[in-house]
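Student: Quick one, structure.pdb (PDB, C-alpha atoms):
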```pdb
ATOM      1  CA  MET A1418      15.454  53.807 -70.586
ATOM      2  CA  ASP A1419      14.247  56.972 -68.969
ATOM      3  CA  SER A1420      13.592  58.624 -72.277
ATOM      4  CA  ALA A1421      14.016  62.310 -71.612
ATOM      5  CA  PRO A1422      14.241  64.433 -74.716
ATOM      6  CA  ASN A1423      15.785  67.829 -74.188
ATOM      7  CA  ILE A1424      13.227  70.143 -72.727
ATOM      8  CA  PRO A1425      12.960  73.344 -74.773
ATOM      9  CA  PRO A1426      13.197  76.593 -72.804
ATOM     10  CA  GLY A1427       9.851  77.566 -71.313
ATOM     11  CA  THR A1428       8.400  74.051 -71.295
ATOM     12  CA  ASP A1429       8.627  71.192 -68.864
ATOM     13  CA  GLU A1430       6.872  67.893 -69.490
ATOM     14  CA  VAL A1431       4.523  66.710 -66.727
ATOM     15  CA  VAL A1432       5.033  63.080 -65.688
ATOM     16  CA  ALA A1433       3.242  60.737 -63.307
ATOM     17  CA  VAL A1434       4.588  60.606 -59.748
ATOM     18  CA  PHE A1435       4.444  57.356 -57.759
ATOM     19  CA  ASP A1436       4.984  56.340 -54.155
ATOM     20  CA  SER A1437       7.764  53.937 -53.178
ATOM     21  CA  ALA A1438       5.354  50.989 -53.509
ATOM     22  CA  GLY A1439       4.588  51.822 -57.146
ATOM     23  CA  ARG A1440       1.170  53.444 -56.746
ATOM     24  CA  PRO A1441       0.424  56.634 -58.733
ATOM     25  CA  VAL A1442       0.056  59.595 -56.363
ATOM     26  CA  GLY A1443      -0.011  62.615 -58.676
ATOM     27  CA  SER A1444       2.075  64.399 -61.247
ATOM     28  CA  ALA A1445       4.913  66.880 -61.429
ATOM     29  CA  ALA A1446       7.159  68.593 -63.925
ATOM     30  CA  ARG A1447       9.985  66.307 -65.070
ATOM     31  CA  SER A1448      12.554  68.842 -63.841
ATOM     32  CA  ARG A1449      11.070  68.673 -60.334
ATOM     33  CA  VAL A1450      10.945  64.856 -60.426
ATOM     34  CA  TYR A1451      14.670  64.779 -61.228
ATOM     35  CA  ALA A1452      15.693  67.651 -58.926
ATOM     36  CA  GLU A1453      13.862  66.203 -55.907
ATOM     37  CA  GLY A1454      14.405  62.509 -56.650
ATOM     38  CA  LEU A1455      10.664  61.816 -56.761
ATOM     39  CA  TRP A1456       9.522  58.299 -57.565
ATOM     40  CA  HIS A1457       8.208  58.015 -61.111
ATOM     41  CA  ALA A1458       7.751  55.157 -63.585
ATOM     42  CA  SER A1459       9.330  54.245 -66.875
ATOM     43  CA  ALA A1460       8.434  51.543 -69.365
ATOM     44  CA  GLY A1461      10.306  50.121 -72.308
ATOM     45  CA  VAL A1462      10.266  47.440 -74.958
ATOM     46  CA  LEU A1463      12.946  44.894 -75.823
ATOM     47  CA  VAL A1464      12.683  44.334 -79.575
ATOM     48  CA  ARG A1465      13.632  40.878 -80.838
ATOM     49  CA  SER A1466      13.865  39.832 -84.452
ATOM     50  CA  GLY A1467      10.941  37.738 -85.693
ATOM     51  CA  ASP A1468      12.899  34.526 -85.128
ATOM     52  CA  GLY A1469      13.956  35.715 -81.658
ATOM     53  CA  LYS A1470      17.667  35.306 -82.376
ATOM     54  CA  ARG A1471      18.648  38.983 -82.368
ATOM     55  CA  LEU A1472      17.980  41.991 -80.110
ATOM     56  CA  TYR A1473      17.841  45.614 -81.152
ATOM     57  CA  VAL A1474      20.439  47.731 -79.337
ATOM     58  CA  HIS A1475      20.899  51.469 -79.699
ATOM     59  CA  ARG A1476      23.021  54.361 -78.496
ATOM     60  CA  ARG A1477      21.170  57.276 -76.991
ATOM     61  CA  SER A1478      21.822  60.710 -78.401
ATOM     62  CA  ASP A1479      24.461  62.846 -76.722
ATOM     63  CA  THR A1480      21.848  65.532 -76.015
ATOM     64  CA  LYS A1481      19.574  63.387 -73.822
ATOM     65  CA  THR A1482      18.834  64.758 -70.352
ATOM     66  CA  VAL A1483      19.735  61.476 -68.613
ATOM     67  CA  PHE A1484      22.137  58.717 -69.671
ATOM     68  CA  ALA A1485      23.288  60.721 -72.693
ATOM     69  CA  GLY A1486      25.405  58.706 -75.124
ATOM     70  CA  HIS A1487      24.785  55.441 -73.279
ATOM     71  CA  HIS A1488      23.710  52.228 -74.951
ATOM     72  CA  ASP A1489      20.319  50.649 -74.303
ATOM     73  CA  CYS A1490      18.262  47.708 -75.504
ATOM     74  CA  LEU A1491      14.872  49.139 -74.536
ATOM     75  CA  ALA A1492      12.892  51.731 -76.424
ATOM     76  CA  GLY A1493      11.146  53.471 -73.593
ATOM     77  CA  GLY A1494      10.429  56.433 -71.411
ATOM     78  CA  VAL A1495       8.524  57.881 -68.511
ATOM     79  CA  VAL A1496       4.888  57.115 -67.788
ATOM     80  CA  ASP A1497       2.610  60.090 -68.330
ATOM     81  CA  PRO A1498      -0.223  60.996 -65.915
ATOM     82  CA  GLY A1499      -3.176  58.626 -66.426
ATOM     83  CA  GLU A1500      -1.133  56.253 -68.575
ATOM     84  CA  THR A1501      -0.385  52.609 -67.768
ATOM     85  CA  PRO A1502       3.172  51.293 -68.140
ATOM     86  CA  GLU A1503       2.062  49.198 -71.130
ATOM     87  CA  GLU A1504       0.539  52.256 -72.826
ATOM     88  CA  ALA A1505       3.753  54.207 -72.182
ATOM     89  CA  ALA A1506       5.839  51.352 -73.608
ATOM     90  CA  ALA A1507       3.756  51.192 -76.799
ATOM     91  CA  ARG A1508       3.867  54.987 -77.189
ATOM     92  CA  GLU A1509       7.637  55.131 -76.717
ATOM     93  CA  LEU A1510       8.237  52.199 -79.090
ATOM     94  CA  ALA A1511       6.339  54.072 -81.797
ATOM     95  CA  GLU A1512       8.086  57.392 -81.076
ATOM     96  CA  GLU A1513      11.663  56.111 -80.775
ATOM     97  CA  LEU A1514      11.769  53.242 -83.301
ATOM     98  CA  GLY A1515       8.660  53.734 -85.441
ATOM     99  CA  VAL A1516       7.316  50.303 -84.464
ATOM    100  CA  THR A1517       3.530  50.078 -84.143
ATOM    101  CA  GLY A1518       0.787  47.458 -84.126
ATOM    102  CA  VAL A1519       2.712  44.805 -82.183
ATOM    103  CA  GLY A1520       1.800  42.826 -79.088
ATOM    104  CA  LEU A1521       3.747  43.477 -75.903
ATOM    105  CA  THR A1522       4.593  40.730 -73.404
ATOM    106  CA  PRO A1523       5.617  41.785 -69.867
ATOM    107  CA  ILE A1524       9.083  40.411 -68.983
ATOM    108  CA  ALA A1525      10.407  42.293 -65.937
ATOM    109  CA  ALA A1526       9.662  44.937 -63.334
ATOM    110  CA  VAL A1527      11.826  46.444 -60.618
ATOM    111  CA  ALA A1528      12.067  49.508 -58.394
ATOM    112  CA  TRP A1529      15.390  51.275 -59.066
ATOM    113  CA  ASP A1530      16.964  53.813 -56.737
ATOM    114  CA  GLY A1531      20.024  55.220 -58.491
ATOM    115  CA  HIS A1532      21.963  58.315 -59.465
ATOM    116  CA  TRP A1533      22.960  60.189 -62.608
ATOM    117  CA  GLN A1534      25.394  63.116 -62.527
ATOM    118  CA  GLY A1535      24.583  63.933 -58.922
ATOM    119  CA  MET A1536      20.807  63.560 -59.340
ATOM    120  CA  ARG A1537      18.947  60.898 -57.396
ATOM    121  CA  LEU A1538      16.733  58.950 -59.781
ATOM    122  CA  ARG A1539      14.047  56.727 -58.284
ATOM    123  CA  CYS A1540      11.948  54.865 -60.770
ATOM    124  CA  HIS A1541       9.595  51.919 -61.053
ATOM    125  CA  LEU A1542      10.740  50.188 -64.226
ATOM    126  CA  TYR A1543       8.623  47.979 -66.476
ATOM    127  CA  ALA A1544       9.930  45.983 -69.437
ATOM    128  CA  TYR A1545       7.993  44.372 -72.263
ATOM    129  CA  GLU A1546       9.110  42.346 -75.239
ATOM    130  CA  THR A1547       7.982  42.161 -78.847
ATOM    131  CA  HIS A1548       9.148  40.596 -82.114
ATOM    132  CA  TRP A1549       9.688  42.739 -85.210
ATOM    133  CA  ASP A1550      11.268  42.314 -88.629
ATOM    134  CA  GLY A1551      10.006  45.516 -90.187
ATOM    135  CA  PRO A1552      11.801  48.816 -90.644
ATOM    136  CA  ILE A1553      13.298  50.695 -87.708
ATOM    137  CA  VAL A1554      12.983  54.482 -87.891
ATOM    138  CA  HIS A1555      14.972  56.337 -85.219
ATOM    139  CA  GLN A1556      13.736  59.490 -83.586
ATOM    140  CA  ALA A1557      16.897  61.558 -84.161
ATOM    141  CA  SER A1558      16.602  63.548 -80.924
ATOM    142  CA  GLU A1559      16.566  60.307 -78.928
ATOM    143  CA  ILE A1560      18.677  57.723 -80.773
ATOM    144  CA  ALA A1561      22.083  58.271 -82.394
ATOM    145  CA  ALA A1562      22.557  54.762 -83.868
ATOM    146  CA  GLY A1563      21.127  51.267 -83.636
ATOM    147  CA  TRP A1564      21.939  47.687 -84.666
ATOM    148  CA  TRP A1565      20.980  44.054 -84.118
ATOM    149  CA  TRP A1566      23.006  41.841 -81.759
ATOM    150  CA  THR A1567      22.622  38.283 -80.543
ATOM    151  CA  PRO A1568      21.745  37.958 -76.855
ATOM    152  CA  HIS A1569      25.270  36.589 -76.317
ATOM    153  CA  GLU A1570      26.826  39.736 -77.816
ATOM    154  CA  LEU A1571      24.715  41.959 -75.582
ATOM    155  CA  VAL A1572      25.411  39.931 -72.434
ATOM    156  CA  THR A1573      29.148  39.986 -73.196
ATOM    157  CA  HIS A1574      29.028  43.784 -73.283
ATOM    158  CA  LEU A1575      26.823  43.961 -70.166
ATOM    159  CA  ARG A1576      29.456  41.995 -68.222
ATOM    160  CA  ASP A1577      31.874  44.873 -68.807
ATOM    161  CA  PRO A1578      31.057  47.408 -66.072
ATOM    162  CA  GLN A1579      32.946  50.095 -68.030
ATOM    163  CA  TRP A1580      30.682  49.754 -71.088
ATOM    164  CA  PRO A1581      28.388  52.811 -71.051
ATOM    165  CA  PHE A1582      24.999  51.134 -70.730
ATOM    166  CA  VAL A1583      21.891  52.710 -69.228
ATOM    167  CA  PRO A1584      22.064  51.661 -65.553
ATOM    168  CA  ASP A1585      18.332  51.323 -64.953
ATOM    169  CA  THR A1586      17.934  48.972 -67.928
ATOM    170  CA  ARG A1587      20.976  47.019 -66.708
ATOM    171  CA  ALA A1588      19.283  46.589 -63.313
ATOM    172  CA  LEU A1589      15.957  45.688 -64.892
ATOM    173  CA  LEU A1590      17.070  43.195 -67.539
ATOM    174  CA  GLU A1591      20.483  41.779 -66.668
ATOM    175  CA  ASP A1592      19.097  38.623 -65.034
ATOM    176  CA  TYR A1593      16.506  38.204 -67.780
ATOM    177  CA  LEU A1594      19.091  38.461 -70.544
ATOM    178  CA  VAL A1595      21.648  36.091 -69.009
ATOM    179  CA  THR A1596      19.091  33.336 -68.442
ATOM    180  CA  PRO A1597      19.714  30.583 -71.027
ATOM    181  CA  ASP A1598      17.172  30.005 -73.816
ATOM    182  CA  ARG A1599      15.977  33.590 -74.011
TER     183      ARG A1599
END
```
Let me see the structure of the file written as structure tokens.
Tutor:
Amino acid sequence: MDSAPNIPPGTDEVVAVFDSAGRPVGSAARSRVYAEGLWHASAGVLVRSGDGKRLYVHRRSDTKTVFAGHHDCLAGGVVDPGETPEEAAARELAEELGVTGVGLTPIAAVAWDGHWQGMRLRCHLYAYETHWDGPIVHQASEIAAGWWWTPHELVTHLRDPQWPFVPDTRALLEDYLVTPDR
């Protein structure tokens, strides 16, 4: 979920920095956040079909800074300075999938302390849900492919620890997705 487009030479996106309790404490360049394992926040949206029977799943591009080529079911990314997690989720949903003008319902939150290719990643994660039957327009630099699955299909894949799925989303949503009637 930690949507990190490749950073062009000479630029480095500034993101909000949080303490371990989830309170904003400042900002720093994304490269510093990753290099030093600083706490930050990320928010994403689980997109369900209008009838709620299907979930949108995608594969991240192979050029992403973190979790390249992994699958995910959240359109999301880091929280910018001065932005709420819900604002970040709505912004990322529009950027990554072209979905705008929808309501977001909070569904999960967790603090995740993990690793990616030797980097310590510590992130407060926030998930929202929406329903959508309109067109999906991928941001090519972020998403390589996408499709609709039933919750059962997604959970079946999540139960395979070898399936390349974004680990922070797995930690955030696994219990939510395996709960019956969702």
Student: Please identify all polymer residues within 6 Å of stretch 1541-1552 of chain A, counting all atoms listed in the file, omitting same-chain residues fewer than 3 positions from it, and present them as a PyMOL selection string.
Tutor: chain A and resi 1458-1467+1521-1528
Student: Go ahead and write the residues just picked, C-alpha atoms, as a PDB file, keeping the file's coordinate frame.
Tutor:
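This is the output file again_39.pdb:
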```
ATOM      1  CA  ALA A1458       7.751  55.157 -63.585  1.00  0.00           C
ATOM      2  CA  SER A1459       9.330  54.245 -66.875  1.00  0.00           C
ATOM      3  CA  ALA A1460       8.434  51.543 -69.365  1.00  0.00           C
ATOM      4  CA  GLY A1461      10.306  50.121 -72.308  1.00  0.00           C
ATOM      5  CA  VAL A1462      10.266  47.440 -74.958  1.00  0.00           C
ATOM      6  CA  LEU A1463      12.946  44.894 -75.823  1.00  0.00           C
ATOM      7  CA  VAL A1464      12.683  44.334 -79.575  1.00  0.00           C
ATOM      8  CA  ARG A1465      13.632  40.878 -80.838  1.00  0.00           C
ATOM      9  CA  SER A1466      13.865  39.832 -84.452  1.00  0.00           C
ATOM     10  CA  GLY A1467      10.941  37.738 -85.693  1.00  0.00           C
ATOM     11  CA  LEU A1521       3.747  43.477 -75.903  1.00  0.00           C
ATOM     12  CA  THR A1522       4.593  40.730 -73.404  1.00  0.00           C
ATOM     13  CA  PRO A1523       5.617  41.785 -69.867  1.00  0.00           C
ATOM     14  CA  ILE A1524       9.083  40.411 -68.983  1.00  0.00           C
ATOM     15  CA  ALA A1525      10.407  42.293 -65.937  1.00  0.00           C
ATOM     16  CA  ALA A1526       9.662  44.937 -63.334  1.00  0.00           C
ATOM     17  CA  VAL A1527      11.826  46.444 -60.618  1.00  0.00           C
ATOM     18  CA  ALA A1528      12.067  49.508 -58.394  1.00  0.00           C
TER      19      ALA A1528
END
```
Student: Find, counting only C-alpha atoms, the residue in A:Ala1506, A:Cys1490, A:Val1442, A:Val1483 that gets nearest to A:Leu1594.
Tutor: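 Looking at the shortest contact to A:Leu1594, the residue is A:Cys1490.
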Student: Between A:Val1434, A:Val1583, A:Leu1590, A:Leu1491, which residue has the minimum interatomic distance to A:Arg1539, considering only C-alpha atoms?
Tutor: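 Ranked by minimum distance to A:Arg1539, first place goes to A:Val1434.
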Student: From the list A:Thr1567, A:Tyr1593, A:Gly1486, A:Glu1503, which residue is nearest A:Trp1580 when using only C-alpha atoms?
Tutor: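 That would be A:Gly1486, the residue with the smallest distance to A:Trp1580.
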Student: Pick from A:Phe1582, A:Arg1537, A:Arg1476, A:Thr1501: nearest to A:Ser1558, with only C-alpha atoms counted?
Tutor: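 Among the listed residues, the smallest separation from A:Ser1558 belongs to A:Arg1476.
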Student: Excluding A:Ala1452 and residues on its chain fewer than 5 positions from it, collect all residues at most 12 Å away from it, counting only C-alpha atoms, and give them as a compact mmCIF listing (two decimals) with C-alpha atoms, in the coordinates of the input.
Tutor:
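Result file result35.txt:
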```
# COMPACT_ATOMS: atom_id res chain seq x y z
CA ALA A 1445 4.91 66.88 -61.43
CA ALA A 1446 7.16 68.59 -63.92
CA ARG A 1447 9.98 66.31 -65.07
CA HIS A 1532 21.96 58.32 -59.46
CA TRP A 1533 22.96 60.19 -62.61
CA GLN A 1534 25.39 63.12 -62.53
CA GLY A 1535 24.58 63.93 -58.92
CA MET A 1536 20.81 63.56 -59.34
CA ARG A 1537 18.95 60.90 -57.40
CA LEU A 1538 16.73 58.95 -59.78
CA ARG A 1539 14.05 56.73 -58.28
```
Student: Which residues, written as a list in words, have at least one atom at most 10 Å from A:Pro1441, with all atoms listed in the file counted and residues fewer than 3 positions away on the same chain left out?
Tutor: Ala1433, Val1434, Phe1435, Asp1436, Ser1437, Ala1438, Ser1444, Trp1456, His1457, Ala1458, Pro1498, Gly1499, Glu1500 and Thr1501 of chain A
Student: Restricting the output to C-alpha atoms, write the selected residues as a PDB file, in the coordinates of the input.
Tutor:
```pdb
ATOM      1  CA  ALA A1433       3.242  60.737 -63.307  1.00  0.00           C
ATOM      2  CA  VAL A1434       4.588  60.606 -59.748  1.00  0.00           C
ATOM      3  CA  PHE A1435       4.444  57.356 -57.759  1.00  0.00           C
ATOM      4  CA  ASP A1436       4.984  56.340 -54.155  1.00  0.00           C
ATOM      5  CA  SER A1437       7.764  53.937 -53.178  1.00  0.00           C
ATOM      6  CA  ALA A1438       5.354  50.989 -53.509  1.00  0.00           C
ATOM      7  CA  SER A1444       2.075  64.399 -61.247  1.00  0.00           C
ATOM      8  CA  TRP A1456       9.522  58.299 -57.565  1.00  0.00           C
ATOM      9  CA  HIS A1457       8.208  58.015 -61.111  1.00  0.00           C
ATOM     10  CA  ALA A1458       7.751  55.157 -63.585  1.00  0.00           C
ATOM     11  CA  PRO A1498      -0.223  60.996 -65.915  1.00  0.00           C
ATOM     12  CA  GLY A1499      -3.176  58.626 -66.426  1.00  0.00           C
ATOM     13  CA  GLU A1500      -1.133  56.253 -68.575  1.00  0.00           C
ATOM     14  CA  THR A1501      -0.385  52.609 -67.768  1.00  0.00           C
TER      15      THR A1501
END
```
Student: Considering all atoms listed in the file, return as a VMD selection string whatever protein or nucleic-acid residues lie within 7 Å of stretch 1512-1518 of chain A, sequence-local ones (same chain, fewer than 6 positions apart) excluded.
Tutor: chain A and resid 1492 1553 to 1556 1559
Student: Counting all atoms listed in the file, figure out which residue out of A:His1487, A:Arg1576, A:Arg1440, A:Arg1471 gets nearest to A:Cys1540.
Tutor: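 The closest residue to A:Cys1540 is A:Arg1440.
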Student: Calculate how many Å separate atom CA of A:Asp1429 from atom CA of A:Gly1493, rounding to one decimal.
Tutor: 18.5 Å
Student: Generate a file for stretch 1441-1464 of chain A, containing N, CA and C atoms, as a JSON list (two decimals), in the first residue's frame.
Tutor:
```
[["chain", "number", "residue", "atom", "x", "y", "z"],
["A", 1441, "PRO", "N", 1.19, 12.94, 14.49],
["A", 1441, "PRO", "CA", 2.11, 13.62, 13.58],
["A", 1441, "PRO", "C", 3.12, 14.44, 14.38],
["A", 1442, "VAL", "N", 4.41, 14.35, 13.98],
["A", 1442, "VAL", "CA", 5.46, 15.06, 14.70],
["A", 1442, "VAL", "C", 6.34, 15.90, 13.78],
["A", 1443, "GLY", "N", 6.05, 15.89, 12.48],
["A", 1443, "GLY", "CA", 6.87, 16.67, 11.56],
["A", 1443, "GLY", "C", 6.81, 16.09, 10.16],
["A", 1444, "SER", "N", 7.87, 16.34, 9.42],
["A", 1444, "SER", "CA", 7.94, 15.83, 8.05],
["A", 1444, "SER", "C", 9.39, 15.56, 7.71],
["A", 1445, "ALA", "N", 9.57, 14.75, 6.67],
["A", 1445, "ALA", "CA", 10.92, 14.42, 6.22],
["A", 1445, "ALA", "C", 10.84, 13.92, 4.79],
["A", 1446, "ALA", "N", 11.96, 13.95, 4.11],
["A", 1446, "ALA", "CA", 12.03, 13.40, 2.76],
["A", 1446, "ALA", "C", 11.75, 11.90, 2.84],
["A", 1447, "ARG", "N", 11.02, 11.38, 1.85],
["A", 1447, "ARG", "CA", 10.68, 9.96, 1.82],
["A", 1447, "ARG", "C", 11.94, 9.09, 1.92],
["A", 1448, "SER", "N", 13.01, 9.48, 1.24],
["A", 1448, "SER", "CA", 14.24, 8.69, 1.29],
["A", 1448, "SER", "C", 14.77, 8.59, 2.72],
["A", 1449, "ARG", "N", 14.67, 9.66, 3.48],
["A", 1449, "ARG", "CA", 15.12, 9.64, 4.88],
["A", 1449, "ARG", "C", 14.19, 8.77, 5.72],
["A", 1450, "VAL", "N", 12.88, 8.87, 5.49],
["A", 1450, "VAL", "CA", 11.92, 8.06, 6.22],
["A", 1450, "VAL", "C", 12.25, 6.58, 6.05],
["A", 1451, "TYR", "N", 12.53, 6.18, 4.80],
["A", 1451, "TYR", "CA", 12.85, 4.77, 4.53],
["A", 1451, "TYR", "C", 14.23, 4.40, 5.07],
["A", 1452, "ALA", "N", 15.23, 5.25, 4.84],
["A", 1452, "ALA", "CA", 16.60, 4.94, 5.26],
["A", 1452, "ALA", "C", 16.73, 4.81, 6.77],
["A", 1453, "GLU", "N", 15.98, 5.66, 7.51],
["A", 1453, "GLU", "CA", 16.10, 5.66, 8.97],
["A", 1453, "GLU", "C", 14.98, 4.90, 9.66],
["A", 1454, "GLY", "N", 14.06, 4.34, 8.90],
["A", 1454, "GLY", "CA", 12.95, 3.60, 9.51],
["A", 1454, "GLY", "C", 12.04, 4.48, 10.35],
["A", 1455, "LEU", "N", 11.82, 5.72, 9.92],
["A", 1455, "LEU", "CA", 10.96, 6.63, 10.68],
["A", 1455, "LEU", "C", 9.50, 6.22, 10.54],
["A", 1456, "TRP", "N", 8.75, 6.41, 11.61],
["A", 1456, "TRP", "CA", 7.32, 6.16, 11.55],
["A", 1456, "TRP", "C", 6.66, 7.15, 10.61],
["A", 1457, "HIS", "N", 5.81, 6.66, 9.75],
["A", 1457, "HIS", "CA", 5.02, 7.51, 8.85],
["A", 1457, "HIS", "C", 3.63, 6.88, 8.78],
["A", 1458, "ALA", "N", 2.77, 7.39, 7.93],
["A", 1458, "ALA", "CA", 1.42, 6.86, 7.82],
["A", 1458, "ALA", "C", 1.08, 6.63, 6.35],
["A", 1459, "SER", "N", 0.23, 5.65, 6.13],
["A", 1459, "SER", "CA", -0.22, 5.33, 4.80],
["A", 1459, "SER", "C", -1.70, 5.01, 4.87],
["A", 1460, "ALA", "N", -2.42, 5.39, 3.84],
["A", 1460, "ALA", "CA", -3.87, 5.14, 3.81],
["A", 1460, "ALA", "C", -4.26, 4.59, 2.45],
["A", 1461, "GLY", "N", -5.23, 3.69, 2.45],
["A", 1461, "GLY", "CA", -5.66, 3.10, 1.20],
["A", 1461, "GLY", "C", -7.13, 2.75, 1.20],
["A", 1462, "VAL", "N", -7.63, 2.44, 0.01],
["A", 1462, "VAL", "CA", -9.05, 2.17, -0.17],
["A", 1462, "VAL", "C", -9.25, 0.80, -0.81],
["A", 1463, "LEU", "N", -10.08, -0.01, -0.17],
["A", 1463, "LEU", "CA", -10.53, -1.28, -0.73],
["A", 1463, "LEU", "C", -11.75, -0.96, -1.59],
["A", 1464, "VAL", "N", -11.67, -1.27, -2.87],
["A", 1464, "VAL", "CA", -12.76, -0.97, -3.79],
["A", 1464, "VAL", "C", -13.58, -2.23, -4.02]]
```
